[in-house]
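Notes to accompany the following structure.
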Amino acid sequence: MAVTALACLVCWALAQKAEKQPAVVSSGVLVERLKALWSSRQYEETIRLADSLSIVFEAKGLRADWYRVLSTRAIAQKELNHPRKAIAQLLPILQAQTLDDSITARLYGLIGFAYLNADEFELGAWYMERNLSGLLRNQCKIGIAFAYTSLGFALKEQGDYRAALQYYLGALPQLRKEGNLPLLSEALINLGDISRSLHEYDAARGYYRQAVQEYPENAYRLEELLGWTDSDQGRYREALIHFNKSCQQGPCAADVARIMGYCAEMLGDTNEANRQYRLALESAEAAHDSAIAQSYIGKTLLRRKQPQAALLMFQQALHNLIPSLRAEDPTDNPQKGLPNDFWPIELLRGKAQAFRDQYTQTGNIQNLHHALSAISVAVQAIDSLRVGMSNEISGQDAVNYTYSTYETGIQIALEMERIEPGHGHGHISTAYEMPNTPNPMP
């Protein structure tokens, strides 16, 4: 009897187990698990889970959760420096959309976000514009401020400062309404940076101070930002006071060390300038940072009447940016297009000045020919950059930024014409055909 009863009990338990259904996990719980992986910086695992969840949620028609998964994946890809992979995955998804709803608008924003992370600012702006218009068309309240600030950033990076200014200003009321104080503070800091670029220094200081008032956690950044503003304005002593206060709060970055070196040099303290430049090189995290520091050092050597040492410094910096160039041969210039930033242009201008100074010291005309060759490549690069600018205003900003390159080209061409009449005439014509620059950079 006991055995029979036990057998019956076991059969009943097995039957109960067979009838029990697996627990259903809600989509919200799965999204939270995904966010937890991202928060713990497990980005590879985040992407793998997102790939699986996106398929499931799309099949079930869970459109809002599906978008949340895609956005988390795109952010994780940014952290892993894979923005182009995000673009490749998101473009077909966007092309397959048939609904003109808030989710489609946000997909435009995700792709724009990925393009901005890939430093493709013109395409980033194009997608962010469609993101903004879609959000407004669908009467969305969330995401408007991010679209404004993203557009402002894209235009700022293209050199279209006045258009960028308007987008950032447009973002401020929405950011305050959302209570997004960190992003509000960043928008104000960007407004300060733009104002510096436009030589509106008092406005820049006002924006920086307002950024700290809105979000006190950014107070540690204020001294450095004020230092940059003073240095741009030529107030080198005041700038060093701000920078030193900033460095007391934490280690100085490479860009701060090199501008401190420049300020010290302008104040006649060569020992302190050398020390700061050395720190800038030691703390440089990438070849680009080293090249910029070497550009500062090269210009300092020119001011100290050491053109040969400056030449080698400029060429080494160009080699860092373009490894195919020979570091030990200053006559070696890029044969094709330069990277899409102004530093190679500035380095070529420095080389041209150094060759010209060598000619002044030695009378060797060959140095002037080398100078003309270097500055010609720099001017061609400026023209290429201007063609890629989004509009006439940003193109003029680019010209203003590189005014000294045109000025150097004119000086060298005039010297060539004086020494070899007729040989430099074509270069003079080219130099004087360069765009007018009513507000040149100092």
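Naming works like this for the structure tokens: A, B, ... for the chains as they're shown, residue 1 at the start of each chain, ligands 1 onward in shown order.
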Write out as JSON lines a residue-level contact list of region 324-350 of chain A versus region 400-418 of chain A with cut-off 9 Å: for each qualifying residue the closest pair of atoms and the distance in Å to one decimal, counting only C-alpha atoms, rows sorted by chain and residue number upward.
```
{"residue": "A:Phe342", "atom": "CA", "partner": "A:Thr402", "partner_atom": "CA", "distance": 8.0}
{"residue": "A:Ile345", "atom": "CA", "partner": "A:Thr405", "partner_atom": "CA", "distance": 7.8}
{"residue": "A:Glu346", "atom": "CA", "partner": "A:Thr405", "partner_atom": "CA", "distance": 7.4}
{"residue": "A:Leu348", "atom": "CA", "partner": "A:Thr405", "partner_atom": "CA", "distance": 8.8}
{"residue": "A:Arg349", "atom": "CA", "partner": "A:Thr405", "partner_atom": "CA", "distance": 5.8}
{"residue": "A:Gly350", "atom": "CA", "partner": "A:Thr405", "partner_atom": "CA", "distance": 9.0}
```
Region 301-318 of chain A: which residues within 10 Å, counting only C-alpha atoms, same-chain residues fewer than 5 positions away excluded, as a ChimeraX atom specification? /A:265-266,270,287-296,323-334,343-359,361
Please report, as a ChimeraX atom specification, each residue of region 181-359 of chain A to which DSSP assigns helix (DSSP H, G or I) when run on this structure's backbone. /A:181-197,201-214,216-232,236-248,254-266,270-283,287-303,307-321,343-359
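Atom to atom, CA of Gly124 (chain A) and CA of Gly109 (chain A) stand 8.7 Å apart.
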Leaving out Val31 (chain A) and any residue of its chain fewer than 4 positions from it, which residues lie within 9 Å of it when counting only C-alpha atoms, given as a list in words? Ser26, Ser27, Lys35, Ala36, Ala50, Leu53, Asp65, Arg68 and Val69 of chain A
Keeping only C-alpha atoms, write the selected residues as a short mmCIF file (atom, residue, chain, number, x, y, z; two decimals), in the first residue's frame.
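Everything below was put into part-v4.cif:
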```
data_model
loop_
_atom_site.label_atom_id
_atom_site.label_comp_id
_atom_site.auth_asym_id
_atom_site.auth_seq_id
_atom_site.Cartn_x
_atom_site.Cartn_y
_atom_site.Cartn_z
CA SER A 26 7.88 41.25 -20.35
CA SER A 27 9.58 43.37 -22.99
CA LYS A 35 20.31 48.85 -20.15
CA ALA A 36 21.93 47.18 -17.14
CA ALA A 50 20.33 43.97 -28.65
CA LEU A 53 15.92 41.52 -28.93
CA ASP A 65 10.68 48.78 -27.35
CA ARG A 68 14.86 51.51 -27.47
CA VAL A 69 16.92 48.42 -28.27
#
```
Residue nearest Arg176 (chain A) - candidates A:Ala114, A:Leu226, A:Ala145, A:Ala203, atoms counted: only C-alpha atoms: A:Ala145
